[in-house]
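target25.pdb (PDB, C-alpha atoms) appears below.
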ATOM      1  CA  PHE A  24      24.442  13.967-105.738  1.00  0.00           C
ATOM      2  CA  LEU A  25      26.790  16.014-107.936  1.00  0.00           C
ATOM      3  CA  LYS A  26      24.426  18.991-107.830  1.00  0.00           C
ATOM      4  CA  LEU A  27      24.243  18.941-104.031  1.00  0.00           C
ATOM      5  CA  THR A  28      27.846  18.274-103.055  1.00  0.00           C
ATOM      6  CA  SER A  29      30.647  20.829-102.965  1.00  0.00           C
ATOM      7  CA  GLY A  30      33.322  18.144-102.820  1.00  0.00           C
ATOM      8  CA  ALA A  31      35.984  17.353-105.396  1.00  0.00           C
ATOM      9  CA  PHE A  32      37.022  13.805-106.223  1.00  0.00           C
ATOM     10  CA  ASP A  33      39.997  11.902-107.600  1.00  0.00           C
ATOM     11  CA  VAL A  34      37.701   9.426-109.382  1.00  0.00           C
ATOM     12  CA  ILE A  35      34.044   9.581-110.423  1.00  0.00           C
ATOM     13  CA  ILE A  36      32.577   6.331-111.788  1.00  0.00           C
ATOM     14  CA  SER A  37      29.206   6.266-113.521  1.00  0.00           C
ATOM     15  CA  GLU A  38      27.625   2.901-114.315  1.00  0.00           C
ATOM     16  CA  PRO A  39      23.880   3.449-114.577  1.00  0.00           C
ATOM     17  CA  SER A  40      21.456   1.029-116.143  1.00  0.00           C
ATOM     18  CA  ASN A  41      20.948   0.801-119.903  1.00  0.00           C
ATOM     19  CA  PRO A  42      19.801   4.075-121.487  1.00  0.00           C
ATOM     20  CA  TRP A  43      16.514   2.645-122.760  1.00  0.00           C
ATOM     21  CA  MET A  44      15.307   2.541-119.138  1.00  0.00           C
ATOM     22  CA  ALA A  45      13.145   5.550-118.249  1.00  0.00           C
ATOM     23  CA  GLY A  46      15.232   8.503-117.039  1.00  0.00           C
ATOM     24  CA  VAL A  47      18.607   6.799-117.377  1.00  0.00           C
ATOM     25  CA  ALA A  48      19.639   8.573-120.597  1.00  0.00           C
ATOM     26  CA  SER A  49      20.063  11.795-118.608  1.00  0.00           C
ATOM     27  CA  LEU A  50      23.104  10.195-116.970  1.00  0.00           C
ATOM     28  CA  PHE A  51      24.810  10.159-120.388  1.00  0.00           C
ATOM     29  CA  SER A  52      24.010  13.783-121.243  1.00  0.00           C
ATOM     30  CA  GLN A  53      26.379  16.671-121.824  1.00  0.00           C
ATOM     31  CA  GLU A  54      25.003  18.370-118.707  1.00  0.00           C
ATOM     32  CA  PHE A  55      25.732  15.327-116.550  1.00  0.00           C
ATOM     33  CA  PHE A  56      29.304  15.108-117.826  1.00  0.00           C
ATOM     34  CA  GLU A  57      29.754  18.838-117.167  1.00  0.00           C
ATOM     35  CA  ALA A  58      28.577  18.332-113.591  1.00  0.00           C
ATOM     36  CA  ALA A  59      31.035  15.469-113.152  1.00  0.00           C
ATOM     37  CA  ARG A  60      33.916  17.462-114.624  1.00  0.00           C
ATOM     38  CA  SER A  61      33.223  20.353-112.242  1.00  0.00           C
ATOM     39  CA  HIS A  62      33.833  18.014-109.292  1.00  0.00           C
ATOM     40  CA  LEU A  63      37.087  16.465-110.507  1.00  0.00           C
ATOM     41  CA  ARG A  64      40.320  17.372-108.811  1.00  0.00           C
ATOM     42  CA  PRO A  65      43.197  18.307-111.138  1.00  0.00           C
ATOM     43  CA  GLY A  66      44.229  15.062-112.817  1.00  0.00           C
ATOM     44  CA  GLY A  67      41.111  13.295-111.555  1.00  0.00           C
ATOM     45  CA  LEU A  68      39.415  10.599-113.610  1.00  0.00           C
ATOM     46  CA  MET A  69      35.859  10.424-114.904  1.00  0.00           C
ATOM     47  CA  VAL A  70      34.978   6.818-115.775  1.00  0.00           C
ATOM     48  CA  GLN A  71      31.816   6.222-117.804  1.00  0.00           C
ATOM     49  CA  TRP A  72      30.437   2.791-118.673  1.00  0.00           C
ATOM     50  CA  PHE A  73      28.625   2.165-121.950  1.00  0.00           C
ATOM     51  CA  HIS A  74      27.706  -0.856-124.051  1.00  0.00           C
ATOM     52  CA  LEU A  75      27.856  -2.092-127.644  1.00  0.00           C
ATOM     53  CA  TYR A  76      24.975  -4.578-127.507  1.00  0.00           C
ATOM     54  CA  GLU A  77      21.535  -3.320-128.629  1.00  0.00           C
ATOM     55  CA  MET A  78      23.380  -0.300-130.000  1.00  0.00           C
ATOM     56  CA  ASP A  79      24.092   1.038-133.496  1.00  0.00           C
ATOM     57  CA  ASP A  80      27.170   2.916-134.693  1.00  0.00           C
ATOM     58  CA  GLU A  81      25.437   6.284-134.939  1.00  0.00           C
ATOM     59  CA  THR A  82      24.225   6.210-131.339  1.00  0.00           C
ATOM     60  CA  LEU A  83      27.595   5.084-129.992  1.00  0.00           C
ATOM     61  CA  ALA A  84      29.275   7.888-131.938  1.00  0.00           C
ATOM     62  CA  THR A  85      26.852  10.352-130.324  1.00  0.00           C
ATOM     63  CA  ILE A  86      27.868   9.173-126.845  1.00  0.00           C
ATOM     64  CA  LEU A  87      31.567   9.394-127.673  1.00  0.00           C
ATOM     65  CA  ASN A  88      31.105  12.894-129.086  1.00  0.00           C
ATOM     66  CA  THR A  89      29.034  13.995-126.081  1.00  0.00           C
ATOM     67  CA  PHE A  90      31.613  12.741-123.577  1.00  0.00           C
ATOM     68  CA  GLY A  91      34.481  14.191-125.594  1.00  0.00           C
ATOM     69  CA  SER A  92      32.778  17.583-125.895  1.00  0.00           C
ATOM     70  CA  VAL A  93      33.135  17.971-122.126  1.00  0.00           C
ATOM     71  CA  ILE A  94      36.144  15.910-121.026  1.00  0.00           C
ATOM     72  CA  PRO A  95      39.350  17.091-122.741  1.00  0.00           C
ATOM     73  CA  HIS A  96      41.463  13.922-122.422  1.00  0.00           C
ATOM     74  CA  VAL A  97      39.791  10.559-123.072  1.00  0.00           C
ATOM     75  CA  THR A  98      40.855   6.956-123.651  1.00  0.00           C
ATOM     76  CA  VAL A  99      38.547   3.996-124.329  1.00  0.00           C
ATOM     77  CA  TRP A 100      38.833   0.590-122.652  1.00  0.00           C
ATOM     78  CA  ASN A 101      37.047  -2.638-123.611  1.00  0.00           C
ATOM     79  CA  THR A 102      36.382  -4.611-120.417  1.00  0.00           C
ATOM     80  CA  LEU A 103      34.221  -7.254-122.106  1.00  0.00           C
ATOM     81  CA  MET A 104      33.414  -7.924-125.737  1.00  0.00           C
ATOM     82  CA  THR A 105      30.410  -5.585-125.614  1.00  0.00           C
ATOM     83  CA  ASP A 106      31.217  -3.309-122.639  1.00  0.00           C
ATOM     84  CA  LEU A 107      33.206  -0.075-122.739  1.00  0.00           C
ATOM     85  CA  LEU A 108      34.770   2.275-120.227  1.00  0.00           C
ATOM     86  CA  LEU A 109      35.387   5.874-121.269  1.00  0.00           C
ATOM     87  CA  VAL A 110      38.224   7.047-119.015  1.00  0.00           C
ATOM     88  CA  GLY A 111      38.625  10.811-119.125  1.00  0.00           C
ATOM     89  CA  SER A 112      40.469  13.519-117.250  1.00  0.00           C
ATOM     90  CA  ASN A 113      40.976  17.273-117.136  1.00  0.00           C
ATOM     91  CA  ARG A 114      44.689  16.627-117.673  1.00  0.00           C
ATOM     92  CA  PRO A 115      46.588  14.271-120.017  1.00  0.00           C
ATOM     93  CA  ILE A 116      46.416  10.679-118.781  1.00  0.00           C
ATOM     94  CA  GLN A 117      49.710   8.898-118.217  1.00  0.00           C
ATOM     95  CA  PRO A 118      49.727   5.740-116.085  1.00  0.00           C
ATOM     96  CA  ASP A 119      52.400   5.257-113.448  1.00  0.00           C
ATOM     97  CA  PHE A 120      53.606   1.818-114.533  1.00  0.00           C
ATOM     98  CA  GLU A 121      55.793   1.233-111.490  1.00  0.00           C
ATOM     99  CA  TYR A 122      52.881   2.021-109.179  1.00  0.00           C
ATOM    100  CA  MET A 123      50.616  -0.299-111.177  1.00  0.00           C
ATOM    101  CA  ARG A 124      53.090  -3.157-110.920  1.00  0.00           C
ATOM    102  CA  ALA A 125      53.452  -2.606-107.180  1.00  0.00           C
ATOM    103  CA  GLN A 126      49.698  -2.864-106.666  1.00  0.00           C
ATOM    104  CA  PHE A 127      49.733  -6.477-107.813  1.00  0.00           C
ATOM    105  CA  ASP A 128      51.750  -7.241-104.660  1.00  0.00           C
ATOM    106  CA  ASN A 129      48.767  -6.079-102.590  1.00  0.00           C
ATOM    107  CA  PRO A 130      46.805  -9.252-101.684  1.00  0.00           C
ATOM    108  CA  ALA A 131      43.422  -7.478-101.669  1.00  0.00           C
ATOM    109  CA  ILE A 132      43.957  -5.945-105.110  1.00  0.00           C
ATOM    110  CA  ARG A 133      45.429  -9.152-106.500  1.00  0.00           C
ATOM    111  CA  GLU A 134      42.430 -11.132-105.270  1.00  0.00           C
ATOM    112  CA  ASP A 135      39.928  -8.610-106.606  1.00  0.00           C
ATOM    113  CA  LEU A 136      41.467  -8.423-110.093  1.00  0.00           C
ATOM    114  CA  GLY A 137      42.002 -12.181-110.091  1.00  0.00           C
ATOM    115  CA  ARG A 138      38.225 -12.598-110.197  1.00  0.00           C
ATOM    116  CA  VAL A 139      38.343 -11.275-113.775  1.00  0.00           C
ATOM    117  CA  GLN A 140      41.534 -13.162-114.701  1.00  0.00           C
ATOM    118  CA  ILE A 141      43.832 -10.114-114.440  1.00  0.00           C
ATOM    119  CA  THR A 142      47.078 -10.999-112.700  1.00  0.00           C
ATOM    120  CA  ARG A 143      49.598  -8.652-114.329  1.00  0.00           C
ATOM    121  CA  ALA A 144      49.799  -4.971-115.262  1.00  0.00           C
ATOM    122  CA  SER A 145      50.248  -5.896-118.929  1.00  0.00           C
ATOM    123  CA  GLN A 146      46.857  -7.647-118.916  1.00  0.00           C
ATOM    124  CA  LEU A 147      45.168  -4.555-117.541  1.00  0.00           C
ATOM    125  CA  LEU A 148      46.820  -2.309-120.141  1.00  0.00           C
ATOM    126  CA  ALA A 149      45.781  -4.704-122.921  1.00  0.00           C
ATOM    127  CA  LEU A 150      42.169  -3.637-122.291  1.00  0.00           C
ATOM    128  CA  GLN A 151      42.818  -0.200-123.781  1.00  0.00           C
ATOM    129  CA  ALA A 152      41.150  -0.016-127.193  1.00  0.00           C
ATOM    130  CA  LEU A 153      41.632   3.644-128.161  1.00  0.00           C
ATOM    131  CA  PRO A 154      44.323   6.110-127.138  1.00  0.00           C
ATOM    132  CA  GLU A 155      43.428   9.775-126.860  1.00  0.00           C
ATOM    133  CA  LYS A 156      44.502  10.631-130.406  1.00  0.00           C
ATOM    134  CA  SER A 157      42.253   7.932-131.888  1.00  0.00           C
ATOM    135  CA  PHE A 158      39.329   8.889-129.663  1.00  0.00           C
ATOM    136  CA  ARG A 159      39.491  12.501-130.867  1.00  0.00           C
ATOM    137  CA  THR A 160      38.533  11.400-134.380  1.00  0.00           C
ATOM    138  CA  PHE A 161      34.997  10.826-133.017  1.00  0.00           C
ATOM    139  CA  VAL A 162      34.675  14.342-131.558  1.00  0.00           C
ATOM    140  CA  ALA A 163      33.473  17.275-133.666  1.00  0.00           C
ATOM    141  CA  GLU A 164      31.199  20.285-133.158  1.00  0.00           C
ATOM    142  CA  ASP A 165      29.062  19.413-136.174  1.00  0.00           C
ATOM    143  CA  ARG A 166      28.226  15.915-134.878  1.00  0.00           C
ATOM    144  CA  PRO A 167      25.192  15.086-132.694  1.00  0.00           C
ATOM    145  CA  ILE A 168      25.376  15.651-128.936  1.00  0.00           C
ATOM    146  CA  HIS A 169      22.969  14.191-126.400  1.00  0.00           C
ATOM    147  CA  THR A 170      21.666  16.952-124.105  1.00  0.00           C
ATOM    148  CA  ASP A 171      18.794  17.392-121.670  1.00  0.00           C
ATOM    149  CA  ASP A 172      17.049  19.681-124.178  1.00  0.00           C
ATOM    150  CA  ALA A 173      17.754  17.417-127.171  1.00  0.00           C
ATOM    151  CA  PRO A 174      17.629  13.909-125.648  1.00  0.00           C
ATOM    152  CA  LEU A 175      18.719  11.953-128.709  1.00  0.00           C
ATOM    153  CA  LEU A 176      19.695   8.906-126.691  1.00  0.00           C
ATOM    154  CA  ASP A 177      16.233   8.482-125.137  1.00  0.00           C
ATOM    155  CA  TYR A 178      14.741   7.665-128.518  1.00  0.00           C
ATOM    156  CA  ALA A 179      17.728   5.989-130.172  1.00  0.00           C
ATOM    157  CA  ALA A 180      18.325   3.605-127.254  1.00  0.00           C
ATOM    158  CA  ALA A 181      14.734   2.364-127.275  1.00  0.00           C
ATOM    159  CA  ARG A 182      14.884   1.813-131.037  1.00  0.00           C
ATOM    160  CA  ASN A 183      18.181  -0.047-130.788  1.00  0.00           C
ATOM    161  CA  PHE A 184      16.866  -2.256-128.000  1.00  0.00           C
ATOM    162  CA  TYR A 185      14.286  -3.731-130.343  1.00  0.00           C
ATOM    163  CA  SER A 186      16.581  -3.884-133.370  1.00  0.00           C
ATOM    164  CA  GLY A 187      19.026  -6.181-131.570  1.00  0.00           C
ATOM    165  CA  ALA A 188      21.998  -4.620-133.339  1.00  0.00           C
ATOM    166  CA  THR A 189      25.545  -4.609-131.964  1.00  0.00           C
ATOM    167  CA  SER A 190      27.747  -1.653-132.839  1.00  0.00           C
ATOM    168  CA  GLY A 191      30.893  -2.464-134.805  1.00  0.00           C
ATOM    169  CA  LEU A 192      32.268   1.061-134.520  1.00  0.00           C
ATOM    170  CA  LEU A 193      34.880   0.252-131.902  1.00  0.00           C
ATOM    171  CA  ARG A 194      35.927  -2.972-133.632  1.00  0.00           C
ATOM    172  CA  ASN A 195      36.546  -1.043-136.841  1.00  0.00           C
ATOM    173  CA  HIS A 196      38.801   1.491-135.088  1.00  0.00           C
ATOM    174  CA  ASP A 197      40.344  -0.662-132.352  1.00  0.00           C
ATOM    175  CA  ALA A 198      44.019   0.278-132.028  1.00  0.00           C
ATOM    176  CA  ARG A 199      44.828  -3.134-130.558  1.00  0.00           C
ATOM    177  CA  VAL A 200      44.637  -4.819-133.942  1.00  0.00           C
ATOM    178  CA  ARG A 201      47.499  -2.679-135.281  1.00  0.00           C
ATOM    179  CA  PRO A 202      51.192  -3.171-134.598  1.00  0.00           C
ATOM    180  CA  LEU A 203      52.083  -1.657-131.240  1.00  0.00           C
ATOM    181  CA  ALA A 204      54.529   0.753-132.850  1.00  0.00           C
ATOM    182  CA  THR A 205      51.661   2.570-134.586  1.00  0.00           C
ATOM    183  CA  GLY A 206      48.732   2.162-132.192  1.00  0.00           C
ATOM    184  CA  GLY A 207      49.676   4.755-129.562  1.00  0.00           C
ATOM    185  CA  LEU A 208      48.516   2.529-126.691  1.00  0.00           C
ATOM    186  CA  PHE A 209      49.829   2.645-123.124  1.00  0.00           C
ATOM    187  CA  ILE A 210      50.919  -0.989-123.377  1.00  0.00           C
ATOM    188  CA  ARG A 211      53.525  -0.007-125.976  1.00  0.00           C
ATOM    189  CA  ASP A 212      55.121   2.404-123.495  1.00  0.00           C
ATOM    190  CA  TYR A 213      54.883  -0.236-120.787  1.00  0.00           C
ATOM    191  CA  PHE A 214      56.748  -2.835-122.834  1.00  0.00           C
ATOM    192  CA  GLU A 215      59.476  -0.316-123.627  1.00  0.00           C
ATOM    193  CA  LYS A 216      60.222  -0.185-119.892  1.00  0.00           C
ATOM    194  CA  HIS A 217      59.319  -3.789-119.081  1.00  0.00           C
ATOM    195  CA  PRO A 218      59.988  -5.993-122.117  1.00  0.00           C
ATOM    196  CA  MET A 219      57.304  -8.546-122.827  1.00  0.00           C
ATOM    197  CA  GLY A 220      58.037 -12.044-121.596  1.00  0.00           C
ATOM    198  CA  LYS A 221      56.426 -15.444-121.857  1.00  0.00           C
ATOM    199  CA  ASP A 222      54.483 -14.864-118.640  1.00  0.00           C
ATOM    200  CA  ASP A 223      52.903 -11.754-120.157  1.00  0.00           C
ATOM    201  CA  LEU A 224      51.769 -13.723-123.191  1.00  0.00           C
ATOM    202  CA  LYS A 225      50.460 -16.579-121.100  1.00  0.00           C
ATOM    203  CA  ALA A 226      48.505 -14.275-118.773  1.00  0.00           C
ATOM    204  CA  TYR A 227      47.100 -12.315-121.707  1.00  0.00           C
ATOM    205  CA  ASN A 228      46.031 -15.522-123.408  1.00  0.00           C
ATOM    206  CA  VAL A 229      44.126 -16.791-120.350  1.00  0.00           C
ATOM    207  CA  HIS A 230      42.397 -13.449-119.865  1.00  0.00           C
ATOM    208  CA  SER A 231      41.419 -12.815-123.492  1.00  0.00           C
ATOM    209  CA  ILE A 232      39.846 -16.255-123.873  1.00  0.00           C
ATOM    210  CA  ALA A 233      38.067 -16.213-120.498  1.00  0.00           C
ATOM    211  CA  LEU A 234      36.482 -12.784-120.988  1.00  0.00           C
ATOM    212  CA  GLN A 235      36.262 -12.787-124.809  1.00  0.00           C
ATOM    213  CA  VAL A 236      38.081  -9.488-125.213  1.00  0.00           C
ATOM    214  CA  PRO A 237      39.391  -8.671-128.700  1.00  0.00           C
ATOM    215  CA  LYS A 238      42.857  -9.945-129.585  1.00  0.00           C
ATOM    216  CA  THR A 239      45.748  -7.538-129.223  1.00  0.00           C
ATOM    217  CA  ASP A 240      48.747  -7.534-131.533  1.00  0.00           C
ATOM    218  CA  LEU A 241      51.159  -7.696-128.615  1.00  0.00           C
ATOM    219  CA  THR A 242      54.374  -7.615-130.620  1.00  0.00           C
ATOM    220  CA  GLN A 243      55.937  -5.704-133.446  1.00  0.00           C
ATOM    221  CA  GLY A 244      56.117  -8.914-135.448  1.00  0.00           C
ATOM    222  CA  GLY A 245      52.415  -9.653-135.269  1.00  0.00           C
ATOM    223  CA  ILE A 246      52.476 -12.763-133.052  1.00  0.00           C
ATOM    224  CA  ASP A 247      48.992 -13.963-132.247  1.00  0.00           C
ATOM    225  CA  PRO A 248      49.412 -15.498-128.764  1.00  0.00           C
ATOM    226  CA  THR A 249      45.975 -17.130-128.992  1.00  0.00           C
ATOM    227  CA  ASP A 250      46.733 -18.998-132.231  1.00  0.00           C
ATOM    228  CA  PRO A 251      47.625 -22.626-131.432  1.00  0.00           C
ATOM    229  CA  LEU A 252      49.241 -22.952-134.875  1.00  0.00           C
ATOM    230  CA  ASP A 253      51.788 -20.236-134.047  1.00  0.00           C
ATOM    231  CA  PRO A 254      54.831 -21.998-132.490  1.00  0.00           C
ATOM    232  CA  ARG A 255      55.348 -18.973-130.276  1.00  0.00           C
ATOM    233  CA  SER A 256      51.800 -19.173-128.927  1.00  0.00           C
ATOM    234  CA  THR A 257      51.113 -19.791-125.233  1.00  0.00           C
ATOM    235  CA  ILE A 258      48.165 -22.104-125.920  1.00  0.00           C
ATOM    236  CA  GLY A 259      48.568 -25.200-123.762  1.00  0.00           C
ATOM    237  CA  ILE A 260      51.311 -23.793-121.557  1.00  0.00           C
TER     238      ILE A 260
END
Show me the file's structure as structure tokens.
Amino acid sequence: FLKLTSGAFDVIISEPSNPWMAGVASLFSQEFFEAARSHLRPGGLMVQWFHLYEMDDETLATILNTFGSVIPHVTVWNTLMTDLLLVGSNRPIQPDFEYMRAQFDNPAIREDLGRVQITRASQLLALQALPEKSFRTFVAEDRPIHTDDAPLLDYAAARNFYSGATSGLLRNHDARVRPLATGGLFIRDYFEKHPMGKDDLKAYNVHSIALQVPKTDLTQGGIDPTDPLDPRSTIGI
């Protein structure tokens, strides 16, 4: 489609099947990402799904490096415990928090996001695992890149499928486990404009348990809102 169209898009979303399926690895290649970038409008978003299950650290690092070699501004989001979204753009990414908050007043959007237990903008922002600065630590010219001529993923994905491994690379670098003041996440900027309240903690707690997303250190003081032994926790509210 991208090779045949002359159109430009605000958002391109790629969620193919797993890369061990025949032919699918080409949709994670440097050439594919270049084709997608060429059809982005200024400030447009390229959203790429990937997974941590049946995947080792080296192969995940190759995908991150391949995506980052093409898309200049990238953040990483953890939608489920073992699912990732690479959200990239040709311009720096800065969410419009007021617009985000307003969208939750739209019944159709509220109903759609409610299916995955997201009812507030703070919950959505809590899914960000890596800001751009952290992501860039995975990108380097001397690291492997998956291309059509050197299809590293074709072979690595099949091997990982049978090994049953789950990559711990993101968990080891997840900015959400650090104090917000040092993590560089969008949610820190959001809470500067909209201070965190009890409803934010309660909504986050429901979502993180329901979807098994990693815990986020939501406050400077290190409150764990999912710890029933913490008197400030929202467990049971």
Item checked: Picked residues, the PyMOL selection byres ((chain A and resi 26-40) around 9), as an MDAnalysis selection string -> chainID A and resid 24:25 41:44 47:48 50:51 58:73
Notebook entry, point to check: How many Å separate CA of Asp106 in chain A from CA of Ile141 in chain A?
Noted result: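 Here the two named atoms are 16.5 Å from each other.
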Quick one: everything within 9 Å of Tyr213 in chain A, counting only C-alpha atoms, minus sequence neighbours fewer than 6 positions away in the same chain. Send it as a tab-separated table (two decimals) with C-alpha atoms, keeping the file's coordinate frame.
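Once written, part-v6.tsv looks like this:
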chain	number	residue	atom	x	y	z
A	120	PHE	CA	53.61	1.82	-114.53
A	144	ALA	CA	49.80	-4.97	-115.26
A	145	SER	CA	50.25	-5.90	-118.93
A	148	LEU	CA	46.82	-2.31	-120.14
A	219	MET	CA	57.30	-8.55	-122.83
Margin query: Residue by residue, what does the PyMOL selection byres ((chain A and resi 100) around 12) grab here? Present the result as number ranges by chain.
Written below: A: 70-74, 97-99, 101-111, 147-155, 158, 193-194, 197-199, 208-209, 236-237
Take the residues from that selection and write them out as a compact mmCIF listing (two decimals), keeping the file's coordinate frame, keeping C-alpha atoms.
# COMPACT_ATOMS: atom_id res chain seq x y z
CA VAL A 70 34.98 6.82 -115.78
CA GLN A 71 31.82 6.22 -117.80
CA TRP A 72 30.44 2.79 -118.67
CA PHE A 73 28.62 2.16 -121.95
CA HIS A 74 27.71 -0.86 -124.05
CA VAL A 97 39.79 10.56 -123.07
CA THR A 98 40.85 6.96 -123.65
CA VAL A 99 38.55 4.00 -124.33
CA ASN A 101 37.05 -2.64 -123.61
CA THR A 102 36.38 -4.61 -120.42
CA LEU A 103 34.22 -7.25 -122.11
CA MET A 104 33.41 -7.92 -125.74
CA THR A 105 30.41 -5.58 -125.61
CA ASP A 106 31.22 -3.31 -122.64
CA LEU A 107 33.21 -0.08 -122.74
CA LEU A 108 34.77 2.28 -120.23
CA LEU A 109 35.39 5.87 -121.27
CA VAL A 110 38.22 7.05 -119.02
CA GLY A 111 38.62 10.81 -119.12
CA LEU A 147 45.17 -4.56 -117.54
CA LEU A 148 46.82 -2.31 -120.14
CA ALA A 149 45.78 -4.70 -122.92
CA LEU A 150 42.17 -3.64 -122.29
CA GLN A 151 42.82 -0.20 -123.78
CA ALA A 152 41.15 -0.02 -127.19
CA LEU A 153 41.63 3.64 -128.16
CA PRO A 154 44.32 6.11 -127.14
CA GLU A 155 43.43 9.78 -126.86
CA PHE A 158 39.33 8.89 -129.66
CA LEU A 193 34.88 0.25 -131.90
CA ARG A 194 35.93 -2.97 -133.63
CA ASP A 197 40.34 -0.66 -132.35
CA ALA A 198 44.02 0.28 -132.03
CA ARG A 199 44.83 -3.13 -130.56
CA LEU A 208 48.52 2.53 -126.69
CA PHE A 209 49.83 2.64 -123.12
CA VAL A 236 38.08 -9.49 -125.21
CA PRO A 237 39.39 -8.67 -128.70
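The gap separating CA of Thr142 in chain A from CA of Pro130 in chain A is 11.2 Å, in Å to one decimal.
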Check: Hey, can you pull every residue with an atom no more than 12 Å from (14.4, 11.4, -127.8), using all atoms listed in the file, and send it as a PyMOL selection string?
Finding: chain A and resi 42-43+45-46+48-49+52+82+168-182
Check: Could you work out how far CA of Glu81 in chain A lies from CA of Gln53 in chain A, giving the answer in Å with one decimal?
Finding: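 Distance reported for this atom pair: 16.8 Å.
Evaluated against the shown file, the PyMOL selection byres ((chain A and resi 190) around 8) gives Leu75, Tyr76, Glu77, Met78, Asp79, Asp80, Leu83, Ala188, Thr189, Gly191, Leu192 and Leu193 of chain A.
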Notebook entry, point to check: Which one is closest to Asp223 in chain A: A:Arg166, A:Gly137, A:Gln146, A:Ser92? Count all atoms listed in the file.
Noted result: A:Gln146
Any chance you could turn range 94-110 of chain A into a file with N, CA and C atoms, as a tab-separated table (two decimals), in the first residue's frame?
chain	number	residue	atom	x	y	z
A	94	ILE	N	13.26	6.66	12.19
A	94	ILE	CA	12.35	7.65	12.79
A	94	ILE	C	13.12	8.46	13.82
A	95	PRO	N	13.19	9.78	13.66
A	95	PRO	CA	14.09	10.58	14.52
A	95	PRO	C	13.62	10.78	15.96
A	96	HIS	N	12.31	10.74	16.21
A	96	HIS	CA	11.80	11.00	17.55
A	96	HIS	C	10.88	9.84	17.95
A	97	VAL	N	11.27	9.11	18.99
A	97	VAL	CA	10.57	7.86	19.34
A	97	VAL	C	10.35	7.78	20.84
A	98	THR	N	9.16	7.35	21.24
A	98	THR	CA	8.87	6.98	22.63
A	98	THR	C	8.32	5.56	22.62
A	99	VAL	N	8.41	4.87	23.75
A	99	VAL	CA	7.97	3.48	23.84
A	99	VAL	C	6.87	3.38	24.88
A	100	TRP	N	5.79	2.67	24.53
A	100	TRP	CA	4.63	2.52	25.38
A	100	TRP	C	4.36	1.03	25.59
A	101	ASN	N	3.94	0.67	26.80
A	101	ASN	CA	3.74	-0.72	27.19
A	101	ASN	C	2.25	-0.95	27.41
A	102	THR	N	1.54	-1.42	26.39
A	102	THR	CA	0.08	-1.51	26.47
A	102	THR	C	-0.37	-2.70	27.31
A	103	LEU	N	0.37	-3.79	27.25
A	103	LEU	CA	0.17	-4.96	28.09
A	103	LEU	C	1.54	-5.39	28.61
A	104	MET	N	1.56	-6.35	29.51
A	104	MET	CA	2.82	-6.75	30.10
A	104	MET	C	3.86	-7.14	29.05
A	105	THR	N	3.42	-7.75	27.96
A	105	THR	CA	4.37	-8.22	26.95
A	105	THR	C	4.11	-7.63	25.56
A	106	ASP	N	3.40	-6.51	25.48
A	106	ASP	CA	3.17	-5.83	24.21
A	106	ASP	C	3.69	-4.40	24.26
A	107	LEU	N	4.33	-3.99	23.16
A	107	LEU	CA	4.89	-2.65	23.07
A	107	LEU	C	4.29	-1.88	21.90
A	108	LEU	N	4.28	-0.57	22.02
A	108	LEU	CA	4.04	0.33	20.90
A	108	LEU	C	5.21	1.29	20.80
A	109	LEU	N	5.87	1.29	19.64
A	109	LEU	CA	6.88	2.30	19.34
A	109	LEU	C	6.15	3.45	18.65
A	110	VAL	N	6.14	4.60	19.28
A	110	VAL	CA	5.42	5.77	18.75
A	110	VAL	C	6.47	6.78	18.31
